[in-house]
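Enquirer: Take a look at final05.csv, CSV, C-alpha atoms:
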chain,number,residue,atom,x,y,z
A,395,MET,CA,3.1,-2.1,-11.9
A,396,VAL,CA,4.0,-1.8,-8.2
A,397,ASP,CA,6.4,1.0,-7.3
A,398,LEU,CA,9.5,-0.2,-5.5
A,399,PRO,CA,11.1,3.0,-4.1
A,400,PHE,CA,13.9,1.2,-2.3
A,401,MET,CA,16.0,-1.9,-2.9
A,402,MET,CA,18.1,-4.1,-0.6
A,403,MET,CA,21.7,-3.6,-1.5
A,404,ASN,CA,24.2,-6.3,-0.6
A,405,TRP,CA,27.3,-4.3,-0.4
A,406,SER,CA,29.4,-7.3,0.5
A,407,ARG,CA,28.4,-9.0,-2.7
A,408,PHE,CA,28.9,-5.8,-4.7
A,409,PHE,CA,32.4,-5.1,-3.5
A,410,SER,CA,33.5,-8.8,-3.5
A,411,ASP,CA,32.5,-9.2,-7.1
A,412,ALA,CA,35.8,-9.7,-9.0
A,413,LYS,CA,34.6,-7.6,-11.9
A,414,VAL,CA,33.7,-4.7,-9.7
A,415,ALA,CA,36.8,-5.0,-7.6
A,416,VAL,CA,39.1,-4.3,-10.6
A,417,MET,CA,37.1,-1.3,-11.7
A,418,PRO,CA,38.5,2.2,-10.8
A,419,THR,CA,36.7,3.6,-7.7
A,420,GLU,CA,34.9,6.2,-9.8
A,421,ALA,CA,33.6,3.5,-12.1
A,422,GLN,CA,32.3,1.5,-9.1
A,423,GLY,CA,30.3,4.6,-8.0
A,424,ILE,CA,28.9,5.1,-11.5
A,425,TYR,CA,28.0,1.4,-11.6
A,426,ALA,CA,26.1,1.8,-8.4
A,427,LEU,CA,24.2,4.8,-9.9
A,428,VAL,CA,23.4,2.7,-13.0
A,429,LEU,CA,22.0,-0.1,-10.8
A,430,GLY,CA,19.9,2.5,-8.9
A,431,ARG,CA,18.5,4.0,-12.0
A,432,MET,CA,17.8,0.5,-13.4
A,433,TRP,CA,15.9,-0.3,-10.2
A,434,LEU,CA,13.7,2.8,-10.4
A,435,ASN,CA,13.1,2.1,-14.1
A,436,GLN,CA,11.4,-1.2,-13.6
A,437,GLY,CA,14.7,-3.2,-13.7
A,438,TRP,CA,16.1,-2.0,-17.1
A,439,LEU,CA,17.7,0.9,-18.9
A,440,GLU,CA,17.4,1.8,-22.5
A,441,ALA,CA,20.7,0.8,-24.3
A,442,ASP,CA,21.3,4.4,-25.5
A,443,ASP,CA,24.5,6.1,-24.4
A,444,LYS,CA,22.8,9.5,-24.4
A,445,VAL,CA,19.9,8.4,-22.2
A,446,ILE,CA,22.2,6.6,-19.7
A,447,ALA,CA,24.6,9.5,-19.5
A,448,ARG,CA,21.8,11.9,-18.9
A,449,MET,CA,20.2,9.6,-16.2
A,450,ILE,CA,23.4,9.4,-14.2
A,451,GLY,CA,24.5,13.0,-14.7
A,452,LEU,CA,27.4,12.5,-17.0
A,453,ASP,CA,28.5,14.0,-20.3
A,454,VAL,CA,28.0,11.3,-23.0
A,455,ARG,CA,31.7,11.4,-24.0
A,456,ALA,CA,32.7,10.7,-20.4
A,457,TRP,CA,30.2,7.8,-20.2
A,458,ARG,CA,31.5,6.3,-23.4
A,459,SER,CA,35.2,6.7,-22.8
A,460,ARG,CA,35.7,6.3,-19.0
A,461,PHE,CA,32.8,4.2,-17.7
A,462,LYS,CA,30.9,2.3,-20.4
A,463,PRO,CA,33.9,-0.1,-21.0
A,464,HIS,CA,33.9,-1.1,-17.3
A,465,ILE,CA,30.1,-1.3,-16.7
A,466,VAL,CA,28.5,-2.6,-19.9
A,467,PRO,CA,30.3,-6.0,-19.6
A,468,LEU,CA,28.4,-6.5,-16.3
A,469,LEU,CA,25.0,-6.0,-17.9
A,470,ARG,CA,23.0,-8.1,-20.4
A,471,ARG,CA,21.7,-6.6,-23.5
A,472,GLN,CA,18.2,-7.7,-24.5
A,473,ILE,CA,15.5,-6.7,-27.0
A,474,ASP,CA,12.2,-5.5,-25.4
A,475,PRO,CA,9.3,-5.7,-27.8
A,476,HIS,CA,8.0,-2.3,-26.7
A,477,VAL,CA,11.2,-0.4,-26.1
A,478,GLY,CA,13.9,-2.0,-28.2
A,479,ASP,CA,17.5,-2.4,-27.0
A,480,ILE,CA,17.8,-2.5,-23.2
A,481,TYR,CA,20.3,-3.4,-20.5
A,482,VAL,CA,19.4,-5.5,-17.5
A,483,GLN,CA,21.5,-6.9,-14.7
A,484,LYS,CA,20.8,-10.5,-13.7
A,485,HIS,CA,21.0,-10.2,-9.9
A,486,LEU,CA,19.1,-6.9,-9.8
A,487,GLN,CA,16.3,-8.7,-11.8
A,488,GLU,CA,16.2,-11.5,-9.3
A,489,VAL,CA,16.1,-9.2,-6.3
A,490,ARG,CA,13.4,-7.1,-8.0
A,491,ALA,CA,11.3,-10.2,-8.7
A,492,ALA,CA,11.6,-11.3,-5.1
A,493,ALA,CA,10.6,-7.8,-3.9
A,494,LEU,CA,7.6,-7.7,-6.2
A,495,ALA,CA,6.5,-11.2,-5.0
A,496,SER,CA,6.8,-10.0,-1.3
A,497,VAL,CA,4.8,-6.9,-2.0
A,498,GLU,CA,2.1,-8.9,-3.8
A,499,LYS,CA,2.0,-11.4,-0.9
A,500,THR,CA,1.6,-8.6,1.6
A,501,GLN,CA,-1.1,-7.0,-0.5
A,502,ALA,CA,-3.0,-10.3,-0.8
A,503,SER,CA,-2.7,-10.9,3.0
A,504,THR,CA,-3.9,-7.4,3.7
A,505,ALA,CA,-6.9,-7.8,1.4
A,506,ARG,CA,-7.8,-11.1,3.1
A,507,ALA,CA,-7.6,-9.5,6.5
A,508,ARG,CA,-9.8,-6.6,5.5
A,509,ALA,CA,-12.3,-8.9,3.9
A,510,ALA,CA,-12.4,-11.0,7.1
A,511,LYS,CA,-12.9,-7.9,9.2
A,512,ALA,CA,-15.6,-6.6,7.0
A,513,ALA,CA,-17.4,-10.0,7.0
A,514,LYS,CA,-17.2,-10.1,10.8
A,515,HIS,CA,-19.0,-6.7,10.9
A,516,GLY,CA,-21.4,-7.5,8.1
A,517,LYS,CA,-20.0,-5.1,5.6
A,518,THR,CA,-18.5,-5.4,2.2
A,519,PRO,CA,-14.8,-4.8,1.9
A,520,SER,CA,-15.3,-1.8,-0.3
A,521,GLU,CA,-17.4,0.1,2.2
A,522,PRO,CA,-15.4,2.8,4.0
A,523,GLU,CA,-15.5,2.6,7.8
A,524,PRO,CA,-17.5,5.4,9.4
A,525,LYS,CA,-15.5,8.1,11.0
A,526,LYS,CA,-15.5,8.0,14.8
A,527,ALA,CA,-16.7,10.9,16.8
A,528,PRO,CA,-14.0,12.7,18.8
A,529,ALA,CA,-13.4,11.1,22.2
A,530,THR,CA,-13.5,14.5,24.1
A,531,GLU,CA,-16.7,16.0,25.4
A,532,PRO,CA,-17.5,19.7,25.0
A,533,VAL,CA,-16.2,21.9,27.8
A,534,SER,CA,-19.0,23.9,29.5
A,535,GLU,CA,-16.7,26.4,31.2
A,536,PRO,CA,-14.2,28.6,29.4
A,537,ALA,CA,-10.6,27.4,29.7
A,538,THR,CA,-9.5,30.6,31.5
A,539,ALA,CA,-11.9,31.8,34.1
A,540,PRO,CA,-11.6,35.4,35.3
A,541,VAL,CA,-9.7,35.8,38.5
A,542,SER,CA,-11.6,37.4,41.3
A,543,GLY,CA,-9.7,39.4,43.8
A,544,SER,CA,-6.0,40.0,43.8
A,545,THR,CA,-3.3,37.9,45.2
A,546,SER,CA,0.0,39.3,46.2
A,547,GLY,CA,2.2,36.4,46.8
A,548,VAL,CA,5.4,37.9,45.5
What does the file become when written as structure tokens?
Expert:
Amino acid sequence: MVDLPFMMMNWSRFFSDAKVAVMPTEAQGIYALVLGRMWLNQGWLEADDKVIARMIGLDVRAWRSRFKPHIVPLLRRQIDPHVGDIYVQKHLQEVRAAALASVEKTQASTARARAAKAAKHGKTPSEPEPKKAPATEPVSEPATAPVSGSTSGV
């Protein structure tokens, strides 16, 4: 799986969402943390209060009483065959899929360009290019030559 260390965040969309707008400010921040953790976790979080609270740095009681009632309605609960109960967020999944497609497209384009370059030079794409020699020539004289005589210009 491709690592996506950053995501595009449409803050206008985030703050103009009616469900987010009615949340207390602190809950909006926690929701942003949940989305960030989801992004870094391949687009989902385990639907376990203890795991979520630990991931976002909250006490599980605070998560359950103050934030979960505001945030979980914005998520979809699904069953993953390997993990079990998980939460996903529809828009985050769409953005993530687009980002993965873009990365794959770039990787394919890069691979084609490398193959074309290798073919042009009669190499296979897996051959590493030889290291180039330094562009500088050896210096025959020392960098600091001894000064002969004395100068008294001061």
Enquirer: Find the spatial neighbours of segment 468-472 of chain A, counting only C-alpha atoms, within a cut-off of 12 Å - ignore same-chain residues fewer than 5 positions away - and output them as a PyMOL selection string.
Expert: chain A and resi 408+411-414+417+422+425-426+428-429+432+437-442+461-463+477-487
Enquirer: Atom CA of Asp443 of chain A and atom CA of Pro399 of chain A are how many Å apart?
Expert: 24.5 Å
Enquirer: Kindly give the distance, in Å, that separates atom CA of Val454 of chain A and atom CA of Asn435 of chain A, rounded to a single decimal.
Expert: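 Here the two named atoms are 19.6 Å from each other.
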Enquirer: Restricting the calculation to all atoms listed in the file, which member of A:Val489, A:Val416, A:Lys499, A:Lys511 is positioned closest to Ile465 of chain A?
Expert: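 Closest residue, counting all atoms listed in the file: A:Val416.
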Enquirer: Considering only C-alpha atoms, state which residue in the set A:Ala421, A:Ser503, A:Met401, A:His515 is at the smallest distance from Trp433 of chain A.
Expert: A:Met401
Enquirer: Suppose you want the space between atom CA of Glu488 of chain A and atom CA of Ala505 of chain A; what is it in Å?
Expert: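 Atom CA of Ala505 of chain A lies 25.7 Å from atom CA of Glu488 of chain A.
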